[in-house]
Each structure stands twice: as structure tokens, then as C-alpha cells.
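Novice: Got a file for you: start-v7.txt, compact mmCIF, C-alpha atoms.
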```txt
# COMPACT_ATOMS: atom_id res chain seq x y z
CA MET A 1 20.29 0.78 -9.09
CA PRO A 2 21.18 -2.78 -8.10
CA GLU A 3 21.31 -5.38 -10.83
CA SER A 4 19.80 -8.20 -8.79
CA THR A 5 16.12 -9.03 -9.11
CA ALA A 6 13.50 -8.67 -6.39
CA PRO A 7 11.59 -11.72 -5.08
CA PRO A 8 8.40 -12.38 -7.10
CA GLY A 9 5.72 -9.77 -6.40
CA PHE A 10 8.12 -7.25 -4.88
CA ALA A 11 9.32 -4.08 -6.57
CA ARG A 12 13.06 -3.55 -6.79
CA LEU A 13 13.44 0.08 -5.79
CA PRO A 14 16.32 2.53 -5.37
CA GLU A 15 17.14 4.14 -2.06
CA PRO A 16 14.56 6.70 -0.85
CA PRO A 17 13.40 9.35 -1.34
CA TYR A 18 10.88 8.54 -4.06
CA TYR A 19 7.10 8.74 -4.37
CA ALA A 20 4.33 6.21 -3.83
CA VAL A 21 0.79 6.16 -5.17
CA ILE A 22 -1.26 4.04 -2.78
CA PHE A 23 -4.45 2.94 -4.54
CA SER A 24 -6.99 1.03 -2.45
CA SER A 25 -10.07 -0.25 -4.19
CA ARG A 26 -13.14 -2.42 -3.86
CA ARG A 27 -14.04 -4.10 -7.15
CA THR A 28 -17.55 -4.43 -8.45
CA ALA A 29 -18.77 -7.96 -9.30
CA GLY A 30 -17.65 -9.59 -12.56
CA ASP A 31 -14.65 -8.83 -14.72
CA GLN A 32 -16.23 -6.42 -17.25
CA GLY A 33 -12.90 -6.07 -19.04
CA TYR A 34 -11.05 -5.14 -15.88
CA GLY A 35 -8.37 -7.82 -15.98
CA ALA A 36 -7.21 -7.01 -19.49
CA MET A 37 -7.23 -3.27 -18.82
CA ALA A 38 -5.34 -3.64 -15.54
CA GLU A 39 -2.66 -5.61 -17.37
CA ARG A 40 -2.53 -3.02 -20.15
CA MET A 41 -2.26 -0.13 -17.67
CA MET A 42 0.58 -1.81 -15.79
CA ALA A 43 2.46 -2.37 -19.05
CA LEU A 44 1.86 1.23 -20.06
CA ALA A 45 2.81 2.65 -16.63
CA SER A 46 6.03 0.69 -16.61
CA ARG A 47 7.14 2.54 -19.74
CA GLN A 48 6.42 6.00 -18.27
CA PRO A 49 9.28 8.30 -17.31
CA GLY A 50 10.09 7.94 -13.63
CA PHE A 51 8.22 4.67 -13.07
CA LEU A 52 10.19 2.61 -10.53
CA GLY A 53 7.97 -0.38 -9.85
CA ALA A 54 4.67 -1.54 -8.39
CA GLU A 55 3.22 -4.09 -5.99
CA SER A 56 -0.35 -5.30 -5.88
CA ALA A 57 -2.56 -7.60 -3.84
CA ARG A 58 -6.28 -8.29 -3.89
CA ASP A 59 -8.36 -10.31 -1.46
CA ALA A 60 -10.77 -12.99 -2.57
CA ASP A 61 -13.61 -10.61 -1.58
CA GLY A 62 -12.47 -7.88 -3.99
CA PHE A 63 -10.60 -5.45 -1.75
CA GLY A 64 -7.20 -4.62 -3.21
CA ILE A 65 -4.19 -2.39 -2.75
CA THR A 66 -1.80 -1.40 -5.53
CA VAL A 67 1.22 0.74 -4.73
CA SER A 68 3.16 2.20 -7.64
CA TYR A 69 6.49 3.93 -7.12
CA TRP A 70 7.82 6.94 -9.00
CA SER A 71 10.94 9.08 -9.01
CA ARG A 72 9.22 12.44 -8.87
CA GLU A 73 5.78 13.90 -8.24
CA ALA A 74 5.83 15.29 -11.79
CA ASP A 75 6.06 11.72 -13.13
CA ILE A 76 2.85 10.86 -11.29
CA ALA A 77 1.10 13.94 -12.64
CA ALA A 78 2.17 13.07 -16.20
CA TRP A 79 0.91 9.49 -15.90
CA ARG A 80 -2.41 10.68 -14.49
CA GLN A 81 -2.89 12.78 -17.65
CA ASP A 82 -1.91 10.04 -20.13
CA ALA A 83 -4.74 9.79 -22.69
CA GLU A 84 -5.20 6.03 -22.53
CA HIS A 85 -4.93 6.11 -18.75
CA LEU A 86 -7.62 8.80 -18.59
CA GLN A 87 -9.97 6.48 -20.50
CA ALA A 88 -9.19 3.67 -18.06
CA GLN A 89 -9.81 5.99 -15.10
CA ALA A 90 -13.25 6.87 -16.50
CA LEU A 91 -14.14 3.19 -16.94
CA GLY A 92 -12.85 2.50 -13.44
CA ARG A 93 -15.18 5.09 -11.96
CA ARG A 94 -18.11 3.88 -14.06
CA ASP A 95 -17.73 0.09 -14.07
CA TRP A 96 -14.93 -1.44 -12.04
CA TYR A 97 -14.72 0.17 -8.63
CA ALA A 98 -17.44 0.29 -6.01
CA HIS A 99 -15.10 2.61 -4.14
CA PHE A 100 -11.45 3.65 -4.18
CA GLU A 101 -9.02 5.83 -2.29
CA LEU A 102 -5.84 7.22 -3.80
CA ARG A 103 -3.03 8.64 -1.69
CA VAL A 104 0.21 10.17 -2.89
CA ALA A 105 3.11 9.92 -0.48
CA ARG A 106 6.82 10.64 -0.33
CA VAL A 107 8.76 7.57 0.82
CA GLU A 108 11.32 8.65 3.38
CA ARG A 109 12.94 5.35 4.31
CA ALA A 110 12.72 1.65 3.58
CA HIS A 111 14.08 -1.70 4.69
CA GLY A 112 13.45 -5.33 3.97
CA GLY A 113 13.77 -8.75 5.55
CA PRO A 114 14.35 -11.61 6.19
CA GLY A 115 17.16 -12.17 3.75
CA ALA A 116 16.72 -8.58 2.65
CA CYS A 117 17.72 -7.96 -0.91
CA MET B 1 -12.73 14.50 11.44
CA PRO B 2 -15.94 13.44 9.70
CA GLU B 3 -18.35 11.34 11.70
CA SER B 4 -19.40 9.09 8.85
CA THR B 5 -17.91 5.64 8.46
CA ALA B 6 -15.68 4.47 5.62
CA PRO B 7 -16.84 1.68 3.29
CA PRO B 8 -15.81 -1.79 4.57
CA GLY B 9 -12.08 -2.35 4.23
CA PHE B 10 -11.22 1.33 3.84
CA ALA B 11 -9.60 3.50 6.49
CA ARG B 12 -11.38 6.71 7.40
CA LEU B 13 -8.54 9.22 7.48
CA PRO B 14 -8.17 12.95 8.17
CA GLU B 15 -6.89 15.39 5.58
CA PRO B 16 -3.16 14.99 4.75
CA PRO B 17 -0.45 15.33 5.77
CA TYR B 18 -0.03 12.14 7.79
CA TYR B 19 2.27 9.12 7.60
CA ALA B 20 1.92 5.71 5.99
CA VAL B 21 3.75 2.47 6.74
CA ILE B 22 3.58 0.36 3.59
CA PHE B 23 4.29 -3.26 4.50
CA SER B 24 4.53 -5.74 1.61
CA SER B 25 5.02 -9.37 2.46
CA ARG B 26 5.11 -12.89 1.13
CA ARG B 27 3.79 -15.39 3.65
CA THR B 28 5.38 -18.76 4.27
CA ALA B 29 3.15 -21.83 3.94
CA GLY B 30 0.73 -22.70 6.75
CA ASP B 31 -0.72 -20.49 9.46
CA GLN B 32 1.76 -21.17 12.30
CA GLY B 33 -0.16 -18.82 14.58
CA TYR B 34 -0.01 -15.97 12.09
CA GLY B 35 -3.74 -15.25 11.84
CA ALA B 36 -4.26 -14.86 15.56
CA MET B 37 -1.15 -12.71 15.94
CA ALA B 38 -2.08 -10.48 13.00
CA GLU B 39 -5.46 -9.88 14.58
CA ARG B 40 -3.86 -9.18 17.96
CA MET B 41 -1.34 -6.75 16.44
CA MET B 42 -4.07 -4.84 14.60
CA ALA B 43 -6.07 -4.52 17.83
CA LEU B 44 -2.96 -3.36 19.67
CA ALA B 45 -1.88 -0.93 16.95
CA SER B 46 -5.32 0.64 16.85
CA ARG B 47 -4.93 1.65 20.49
CA GLN B 48 -1.53 3.30 19.95
CA PRO B 49 -1.22 7.08 20.08
CA GLY B 50 -1.42 8.55 16.59
CA PHE B 51 -2.89 5.48 14.89
CA LEU B 52 -5.31 6.67 12.21
CA GLY B 53 -6.32 3.47 10.43
CA ALA B 54 -5.13 0.62 8.25
CA GLU B 55 -5.99 -1.22 5.06
CA SER B 56 -4.88 -4.71 4.11
CA ALA B 57 -5.17 -7.15 1.21
CA ARG B 58 -3.56 -10.51 0.55
CA ASP B 59 -3.63 -12.58 -2.62
CA ALA B 60 -4.55 -16.23 -2.64
CA ASP B 61 -0.88 -16.97 -3.34
CA GLY B 62 0.32 -15.28 -0.14
CA PHE B 63 1.51 -11.89 -1.34
CA GLY B 64 0.01 -9.11 0.77
CA ILE B 65 0.12 -5.38 1.37
CA THR B 66 -0.87 -3.71 4.63
CA VAL B 67 -0.79 0.07 4.89
CA SER B 68 -1.16 1.61 8.34
CA TYR B 69 -1.62 5.33 8.79
CA TRP B 70 -0.25 7.48 11.59
CA SER B 71 -0.34 11.12 12.65
CA ARG B 72 3.37 11.56 13.19
CA GLU B 73 6.62 9.73 12.51
CA ALA B 74 7.21 9.54 16.25
CA ASP B 75 4.02 7.47 16.60
CA ILE B 76 5.44 4.94 14.13
CA ALA B 77 8.74 4.78 16.02
CA ALA B 78 6.92 4.20 19.32
CA TRP B 79 4.81 1.38 17.87
CA ARG B 80 7.89 -0.25 16.38
CA GLN B 81 9.39 -0.41 19.87
CA ASP B 82 6.28 -1.75 21.63
CA ALA B 83 7.34 -4.86 23.59
CA GLU B 84 4.61 -7.19 22.32
CA HIS B 85 5.07 -5.87 18.78
CA LEU B 86 8.82 -6.57 18.99
CA GLN B 87 8.04 -10.20 19.82
CA ALA B 88 5.68 -10.41 16.85
CA GLN B 89 8.33 -8.86 14.60
CA ALA B 90 10.82 -11.54 15.66
CA LEU B 91 8.33 -14.32 14.93
CA GLY B 92 7.52 -12.70 11.61
CA ARG B 93 11.16 -12.77 10.56
CA ARG B 94 11.59 -16.35 11.79
CA ASP B 95 8.33 -18.04 10.83
CA TRP B 96 5.74 -16.07 8.92
CA TYR B 97 7.43 -14.12 6.15
CA ALA B 98 9.47 -15.50 3.29
CA HIS B 99 10.25 -11.88 2.49
CA PHE B 100 8.96 -8.42 3.35
CA GLU B 101 9.58 -4.79 2.50
CA LEU B 102 8.64 -1.91 4.78
CA ARG B 103 8.45 1.67 3.56
CA VAL B 104 7.63 4.76 5.59
CA ALA B 105 6.09 7.61 3.64
CA ARG B 106 4.54 11.01 4.22
CA VAL B 107 1.12 11.25 2.58
CA GLU B 108 0.88 14.59 0.81
CA ARG B 109 -2.58 14.39 -0.77
CA ALA B 110 -5.52 12.05 -1.11
CA HIS B 111 -8.82 11.67 -2.89
CA GLY B 112 -11.49 9.04 -3.29
CA GLY B 113 -14.17 7.94 -5.69
CA PRO B 114 -16.70 7.05 -7.02
CA GLY B 115 -19.15 8.34 -4.46
CA ALA B 116 -16.19 9.65 -2.50
CA CYS B 117 -16.76 9.84 1.20
```
What do you get writing this file as C-alpha cells?
Specialist:
Amino acid sequence: MPESTAPPGFARLPEPPYYAVIFSSRRTAGDQGYGAMAERMMALASRQPGFLGAESARDADGFGITVSYWSREADIAAWRQDAEHLQAQALGRRDWYAHFELRVARVERAHGGPGAC
Amino acid sequence: MPESTAPPGFARLPEPPYYAVIFSSRRTAGDQGYGAMAERMMALASRQPGFLGAESARDADGFGITVSYWSREADIAAWRQDAEHLQAQALGRRDWYAHFELRVARVERAHGGPGAC
């Protein structure tokens, strides 16, 4: 993998193929512990085998997309079964998300610009 | 495909497999015609063969993710070559994006919650 860093907010990823988890969500009102847990989950995910990076954006009205990138499908399956992550998933369904959609995809090709890194 | 509508902001998609274009971007400062063009491009894309839907979120600080969904890779290639879209792409590189990353992926599986549609 390249040594250079990605611009702020962008994941620095290897050449495809790799896997993406596309998580779209609408937050409920209020924080209810979400911010701290989201930070904790990102820290935990980033230490999982096969984690490559993640990008995330959320509108002012609570609709957000987080895409995490992984080397192999098995890495995604392992992270989904992580005990602390399972607890967070349960809280997400109960408290934090009015609705979400999760899609697992195999990234076939990628390019960047302008001044692509 | 189901007749019911997706919750606001979410794309109503068929069962996988289908394709995703994951477009992450950092906007430059100021609108510079971006808002109107983004709206125009979404309207145009939604009339393209194979367009299934799109979801989009942008942070207050200008980092955004748009994921558009397509039936086939050929549909994505055709949209990329659309004349009006090519003009928008050129303006995007010149004026609207400090940086972007575009990734094309094959969605293998999907699920939603809570109260999945």
C-alpha cells in the first residue's frame, strides 16, 4: 500500500478488488449515546483484521452514509459477530436508527480526482 | 419490485445483485452553480436505462457521499459517457470538487432495519 496519506475524510485504499459495506441510515432525534458509541465502533473496527478504511457523511437532517472497506468478505462477517459490535447493533436498532439499509458489495474498480492521490 | 415506497432519503432497490457507484467528494467553497447542476444530474441520471436509485449525504464541512445504483455495469458506462454528464464532470473537476474518489462495486447482498421495508 502507498505510504502517502489520503485527503481528510477520504480512505486511503489499495487497488481493487476489495469489499465495501454501504450503510445508509436515518438517525432518531437526540444523541442518546450515539456519538460516543459511533466513535468507539470506528476505533474498534479499525483494529479488525482486513479493515482497510471508512468514509462517512451525515446531513443536517439526520440522513447519513458510512462506507467501510474490507479486504475479504470473511472480515466483514467476523466484524458483524464481534461481541461489542453486536451490542451496538442492538442499541442501533432500538434507539439510534429510524431506518437503515446495509449493502455489501465487491469493489471492482476505482479512481480519484482532481489531483488524484 | 415491491410497490411500496422507501422511507425519505432511501433508495427502493430490487434484490441483489446490482451495481453501485460510490462517489465520495470534498466540495470547494461556495456554490458556483453546483446545487443546480447536482439537481439536474440527478434528474437526468434517473431517466437513464438501468438506473435503480440513489442516496446522498453531505456534512456541514463539505464532505459528501453519493451512492447511485444500477442494473448493469454497461448502464454505468453509458451514463458516464452522456454528453451533458461529461460537461458536468469537467466542471466538477475544475470548480466544484477539491477531491473525489469514485468506486464501482457489485452489490452482493442487502438488508434493512428496523422496520425493514
Novice: Counting only C-alpha atoms, figure out which residue out of A:Ala78, A:Glu55, A:Pro14, A:Gln87 gets nearest to chain B.
Specialist: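 Of A:Ala78, A:Glu55, A:Pro14, A:Gln87, the one nearest chain B, counting only C-alpha atoms, is A:Glu55.
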Novice: Select, as a count of residues only, those residues of chain B with any atom no more than 6 Å from chain A (distances computed using only C-alpha atoms).
Specialist: 21
Novice: Can you tell me, as a VMD selection string, what residues are no more than 12 Å from Ala88 in chain B when counting all atoms listed in the file, ignoring any on the same chain fewer than 4 positions away?
Specialist: chain B and resid 33 to 42 44 79 to 84 92 to 97
Novice: Report, in Å to a single decimal, how far apart CA of Gly50 in chain B and CA of Tyr69 in chain B are.
Specialist: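 Pair CA of Tyr69 in chain B / CA of Gly50 in chain B returns 8.4 Å.
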Novice: Separation of CA of Glu15 in chain A and CA of Gly53 in chain B, in Å?
Specialist: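 Result for CA of Glu15 in chain A versus CA of Gly53 in chain B: 26.6 Å, one decimal.
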Novice: So how far away is CA of Gly30 in chain A from CA of Arg47 in chain A, in Å?
Specialist: 28.5 Å
Novice: Show which residues sit within 8 Å of Asp75 in chain B, as a compact mmCIF listing (two decimals) with C-alpha atoms, in the frame of the given file. Count only C-alpha atoms, and ignore same-chain residues fewer than 5 positions away.
Specialist:
```txt
# COMPACT_ATOMS: atom_id res chain seq x y z
CA GLN B 48 -1.53 3.30 19.95
CA PRO B 49 -1.22 7.08 20.08
CA GLY B 50 -1.42 8.55 16.59
CA PHE B 51 -2.89 5.48 14.89
CA TRP B 70 -0.25 7.48 11.59
```
